[in-house]
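**Q** Quick one: the structure is below, and I'll ask about it shortly.
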Amino acid sequence: MLHFMRRGSRAFASKLALSVVALSTAFASPVLAAGKTITAVMHSDLRIIDPIFTTAYITRDHGYMIYDTLVAPDSNFKIQPQMADWKISDDKLTYTFTLRDGLKWHDGAPVTAEDCVASLKRWAAVDGMGQKLMDFTASIEATDAKTITLKLKEPYGLVLDSIGKPSSRVAFMMPKRLAETPPDKQIPEQIGSGPFKFVASEFQPGVKAVYVKNTDYVPRKEPASWTSGGKVAKVDRVEWITMPDSQTAVNALQSGDIDFMENLPYDMLPVLEANKELTIEVLNKFGYQTLGRMNFLYPPFDNAKVRRAALLAMNQKDVLDALIGNPKYQKICGAFFICDTPFATEVGAETLIKGNGMAEAKKALAESGYDGTPVVVMAPGDVTTLKAQPIVAAQLLREAGFKVDLQATDWQTVVSRRASQKPPKEGGWNMFFTNWVAPDVSNPIANLSIGGQGKKGGWFGWAEDAKIEKLKDDFVRAASLDEQKKIATDIQKEAYEQVIYIPLGQYQTPSGWRKSLTGVLDGPATPLFWNVDKSE
């Protein structure tokens with residue numbers, strides 16, 4: 001993924017009450033009294049805590065607190081050693097990773113190569129880049145306690161970019177006993193080797209998640225850069241406080257009751273920017289792609305003609321205006337692989353970006369055989385960057401002639417429910433909306449949603465498309481960037497024709513923190529809490 005980017009350039013009253021209780025409890029904590037604590041309001045509540053089980057970013061963020069990776073990218077898109085260094089054989093078929101000294105799991109056991117091999121296999125079973133890597137892998141094994149040997153069937157240029165990918169799913173290392181958990185089951189405990197430890201006894205979904213400094217962690221000597229370098233925990237404790245009402249969170253940030261807020265409401269930015277006690281900054285400069293995903297297993301979206309009618313009804317400007325409403329932070333873009341990258345193209349995106357497809361959508365739906373089956377759309381109300389999309393989409397679908405069942409929920413329920421392959425009448429779904437950070441969708445191999453593996457190994461929605469899978473293989477074997485561009489365009493054309501998913505534009509999200517915090521890192525997988533210090 002990064003290899004290619006390098007070439008181019010209110011709310012719920014009960015939850016609110018719990019948030020206030022959690023915040024007041026935090027300040028009474030004996031751990032806080034003994035050291036520095038950062039209190040943060042993240043973009044979502046945390047419930048699923050297995051970062052391989054789901055692609056949800058809040059779970060990825062949780063993963064970075066407690067787990068580590070073998071390799072990682074720096075701010076120049078270059079893969080660097082993290083838990084391990086590596087050597088590549090002259091024929092490019094053997095990658096040998098050697099674990100560095102001082103690596104221990106949070107339970108005190110040493111990190112071994114067997115742990116890492118099991119972790120890589122679990123990750124690769126469900127991650128798009130990992131799956132493709134395994135297609136090219138002859139074997140991966142622990143050749144001694146500190147050595148991991150990966151042998152390829154043929155040269156594959158994305159080995160390091162895959163294992164070092166910074167965002168969902170991340171190839172986090174965990175003990176073998178946990179990594180041997182099937183990837184469709186959640187691991188039973190949170191034991192990593194990273195800079196913070198998870199405090200399971202204080203975890204209250206809907207209220208707070210707590211992490212404490214791992215005093216046994218040995219950071220690398222290099223400066224912290226994106227997810228690489230020295231992961232130095234400079235505070236003793238980090239608390240993620242759940243505040244589903246953004247106004248309450250903003251008030252807490254301004255009063256100093258919290259230190260950090262991941263997603264600031266766009267309509268309040270002028271007020272926040274005027275507050276001299278706050279730093280306002282976009283940490284992820286690459287931004288996000290927002291999208292709609294349909295369920296290919298059940299009516300009505302098991303019918304490509306019906307999916308096509310839904311696509312024609314969509315309008316990026318309407319979605320972005322409702323979601324962001326600020327031209328500075330939004331961008332109409334019909335490219336599956338992100339605008340302003342080597343693989344950007346508008347092929348197939350005309351009605352999305354011009355908003356002129358409704359008449360055609362009505363005609364297409366009438367001719368599709370659609371029988372009025374309700375479209376179950378999951379609509380989370382607790383995440384700022386996911387509220388608008390289902391509401392706008394439901395309105396557009398109804399205008400086109402669909403019957404829509406818009407079901408209000410919260411994001412963590414969506415995260416759980418979208419994994420269900422049950423029919424909509426039995427608790428399943430027809431459509432949900434999500435966001436990807438740009439590097440996660442910047443090329444056909446990184447972009448997990450573009451896959452066509454179907455029910456076995458496919459992403460939620462379970463699209464099946466052998467043509468796309470064949471083109472992806474052609475992409476990784478392509479001998480030149482020009483050839484890759486052509487293949488990426490062919491993939492996008494097929495993805496629009498079959499409506500694998502619906503890109504709904506790009507956007508950026510500003511974060512805010514008290515100026516008492518220093519060392520906040522930027523990058524495509526933020527926020528990160530190592531390297532961050534807090535003045536008294």
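Labels for the structure tokens follow display order: chains A, B, ..., residues from 1 in each chain, ligands from 1.
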Going by DSSP on the backbone, which residues of stretch 277-431 of chain A come out as helix (DSSP H, G or I)? List them as a PyMOL selection string.
**A** chain A and resi 304-313+316-323+327-329+350-354+358-368+384-386+388-400+411-417+424-426
**Q** Among stretch 355-426 of chain A, which residues carry a DSSP assignment of strand (DSSP E or B), reported as a PyMOL selection string?
**A** chain A and resi 375-380+404-409
**Q** With N, CA and C atoms retained, export the selected residues as a PDB file, in the first residue's frame.
**A**
```pdb
ATOM      1  N   VAL A 375     -35.311  -2.272   2.511  1.00  0.00           N
ATOM      2  CA  VAL A 375     -33.863  -2.180   2.645  1.00  0.00           C
ATOM      3  C   VAL A 375     -33.541  -1.783   4.081  1.00  0.00           C
ATOM      4  N   VAL A 376     -32.957  -2.701   4.835  1.00  0.00           N
ATOM      5  CA  VAL A 376     -32.600  -2.441   6.230  1.00  0.00           C
ATOM      6  C   VAL A 376     -31.260  -1.701   6.260  1.00  0.00           C
ATOM      7  N   VAL A 377     -31.322  -0.427   6.642  1.00  0.00           N
ATOM      8  CA  VAL A 377     -30.132   0.421   6.707  1.00  0.00           C
ATOM      9  C   VAL A 377     -29.804   0.687   8.164  1.00  0.00           C
ATOM     10  N   MET A 378     -28.602   0.336   8.583  1.00  0.00           N
ATOM     11  CA  MET A 378     -28.180   0.592   9.956  1.00  0.00           C
ATOM     12  C   MET A 378     -27.685   2.033  10.078  1.00  0.00           C
ATOM     13  N   ALA A 379     -28.211   2.758  11.081  1.00  0.00           N
ATOM     14  CA  ALA A 379     -27.938   4.192  11.222  1.00  0.00           C
ATOM     15  C   ALA A 379     -27.413   4.505  12.616  1.00  0.00           C
ATOM     16  N   PRO A 380     -26.074   4.497  12.804  1.00  0.00           N
ATOM     17  CA  PRO A 380     -25.509   4.827  14.118  1.00  0.00           C
ATOM     18  C   PRO A 380     -25.640   6.317  14.421  1.00  0.00           C
ATOM     19  N   VAL A 404     -37.513   1.719   2.523  1.00  0.00           N
ATOM     20  CA  VAL A 404     -36.338   1.736   3.404  1.00  0.00           C
ATOM     21  C   VAL A 404     -36.745   1.589   4.859  1.00  0.00           C
ATOM     22  N   ASP A 405     -36.076   0.695   5.560  1.00  0.00           N
ATOM     23  CA  ASP A 405     -36.230   0.519   7.007  1.00  0.00           C
ATOM     24  C   ASP A 405     -34.958   1.038   7.666  1.00  0.00           C
ATOM     25  N   LEU A 406     -34.985   2.316   8.082  1.00  0.00           N
ATOM     26  CA  LEU A 406     -33.819   2.961   8.693  1.00  0.00           C
ATOM     27  C   LEU A 406     -33.814   2.645  10.182  1.00  0.00           C
ATOM     28  N   GLN A 407     -32.849   1.869  10.628  1.00  0.00           N
ATOM     29  CA  GLN A 407     -32.827   1.378  12.003  1.00  0.00           C
ATOM     30  C   GLN A 407     -31.765   2.099  12.820  1.00  0.00           C
ATOM     31  N   ALA A 408     -32.221   2.923  13.776  1.00  0.00           N
ATOM     32  CA  ALA A 408     -31.319   3.685  14.639  1.00  0.00           C
ATOM     33  C   ALA A 408     -30.584   2.744  15.591  1.00  0.00           C
ATOM     34  N   THR A 409     -29.284   2.974  15.719  1.00  0.00           N
ATOM     35  CA  THR A 409     -28.462   2.126  16.578  1.00  0.00           C
ATOM     36  C   THR A 409     -27.235   2.922  16.996  1.00  0.00           C
TER      37      THR A 409
END
```
**Q** Quick one: residues within 9 Å of A:Ile500, only C-alpha atoms, excluding same-chain residues fewer than 6 positions away - as a VMD selection string?
**A** chain A and resid 293 to 294 296 307 449 to 452 461 463 to 465 494
**Q** Calculate how many Å separate atom CA of A:Lys36 from atom CA of A:His62, rounding to one decimal.
**A** 19.4 Å
**Q** Return the single residue from A:Pro182, A:Asn76, A:Ala40, A:Asp101 that is closest to A:Lys121, with distances computed using only C-alpha atoms.
**A**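 Ranking A:Pro182, A:Asn76, A:Ala40, A:Asp101 by distance to A:Lys121, first place goes to A:Pro182.
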**Q** Measuring between only C-alpha atoms, which one of A:Gly457, A:Pro423, A:Pro195, A:Pro524 shows the shortest distance to A:Thr509?
**A**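 Nearest candidate to A:Thr509 out of A:Gly457, A:Pro423, A:Pro195, A:Pro524: A:Pro524.
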**Q** Could you give me, as a Markdown table, a per-residue list for stretch 71-130 of chain A showing, wherever an atom lies at most 10 Å from an atom of stretch 50-57 of chain A, the closest pair of atoms and their distance in Å to one decimal, using only C-alpha atoms and sorting by chain then residue number from low to high?
**A**
```
| residue | atom | partner | partner_atom | distance |
| --- | --- | --- | --- | --- |
| A:Ser119 | CA | A:Ile52 | CA | 9.5 |
| A:Arg122 | CA | A:Ile52 | CA | 7.6 |
| A:Trp123 | CA | A:Ile52 | CA | 6.0 |
| A:Ala124 | CA | A:Ile52 | CA | 9.3 |
| A:Ala125 | CA | A:Ile52 | CA | 9.5 |
| A:Val126 | CA | A:Ile52 | CA | 7.7 |
| A:Asp127 | CA | A:Ile52 | CA | 8.2 |
```
**Q** Next, the residues of the selection above should be written as a PDB file, in the first residue's frame with N, CA and C atoms.
**A**
```
ATOM      1  N   SER A 119       0.581 -15.244  14.994  1.00  0.00           N
ATOM      2  CA  SER A 119      -0.084 -13.947  14.858  1.00  0.00           C
ATOM      3  C   SER A 119      -0.235 -13.556  13.396  1.00  0.00           C
ATOM      4  N   ARG A 122      -3.026 -15.657  11.754  1.00  0.00           N
ATOM      5  CA  ARG A 122      -4.388 -15.229  12.130  1.00  0.00           C
ATOM      6  C   ARG A 122      -4.763 -13.943  11.411  1.00  0.00           C
ATOM      7  N   TRP A 123      -3.827 -13.004  11.376  1.00  0.00           N
ATOM      8  CA  TRP A 123      -4.062 -11.730  10.677  1.00  0.00           C
ATOM      9  C   TRP A 123      -4.304 -11.967   9.193  1.00  0.00           C
ATOM     10  N   ALA A 124      -3.468 -12.773   8.585  1.00  0.00           N
ATOM     11  CA  ALA A 124      -3.533 -12.968   7.142  1.00  0.00           C
ATOM     12  C   ALA A 124      -4.788 -13.710   6.699  1.00  0.00           C
ATOM     13  N   ALA A 125      -5.435 -14.415   7.603  1.00  0.00           N
ATOM     14  CA  ALA A 125      -6.645 -15.147   7.243  1.00  0.00           C
ATOM     15  C   ALA A 125      -7.811 -14.220   6.928  1.00  0.00           C
ATOM     16  N   VAL A 126      -7.767 -12.987   7.438  1.00  0.00           N
ATOM     17  CA  VAL A 126      -8.917 -12.092   7.290  1.00  0.00           C
ATOM     18  C   VAL A 126      -8.582 -10.737   6.672  1.00  0.00           C
ATOM     19  N   ASP A 127      -7.316 -10.361   6.634  1.00  0.00           N
ATOM     20  CA  ASP A 127      -6.942  -9.069   6.058  1.00  0.00           C
ATOM     21  C   ASP A 127      -6.696  -9.199   4.562  1.00  0.00           C
TER      22      ASP A 127
END
```
**Q** Closest to A:Asn443 among A:Lys485, A:Arg237, A:Arg169, A:Arg47, using only C-alpha atoms?
**A**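 Answer, going by the shortest atom-to-atom distance: A:Lys485.
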**Q** Any idea what's packed within 8 Å of A:Ser139, counting only C-alpha atoms, ignoring anything in its chain fewer than 5 positions away? Could you give it as a list of chain:residue names?
**A**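 Close residues of A:Ser139: A:Thr149, A:Leu150, A:Lys151, A:Leu152.
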**Q** Any chance you could export the current selection's N, CA and C atoms as a PDB file, in the first residue's frame?
**A**
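Now in part17.pdb:
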```
ATOM      1  N   THR A 149      10.956 -17.152   9.329  1.00  0.00           N
ATOM      2  CA  THR A 149      11.365 -17.302   7.939  1.00  0.00           C
ATOM      3  C   THR A 149      10.139 -17.423   7.047  1.00  0.00           C
ATOM      4  N   LEU A 150      10.013 -16.487   6.121  1.00  0.00           N
ATOM      5  CA  LEU A 150       8.900 -16.480   5.175  1.00  0.00           C
ATOM      6  C   LEU A 150       9.465 -16.769   3.792  1.00  0.00           C
ATOM      7  N   LYS A 151       8.972 -17.833   3.161  1.00  0.00           N
ATOM      8  CA  LYS A 151       9.428 -18.211   1.828  1.00  0.00           C
ATOM      9  C   LYS A 151       8.297 -18.036   0.830  1.00  0.00           C
ATOM     10  N   LEU A 152       8.605 -17.400  -0.292  1.00  0.00           N
ATOM     11  CA  LEU A 152       7.616 -17.100  -1.318  1.00  0.00           C
ATOM     12  C   LEU A 152       7.652 -18.127  -2.449  1.00  0.00           C
TER      13      LEU A 152
END
```
**Q** Expressed in Å to a single decimal, how great is the separation between atom CA of A:Lys104 and atom CA of A:Leu158?
**A**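 Straight-line distance from atom CA of A:Lys104 to atom CA of A:Leu158 works out to 28.2 Å.
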**Q** May I ask which of the residues A:Phe260, A:Gly505, A:Ala438, A:Ala366 is the closest one to A:Tyr329, counting only C-alpha atoms?
**A**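 Closest to A:Tyr329, using only C-alpha atoms: A:Gly505.
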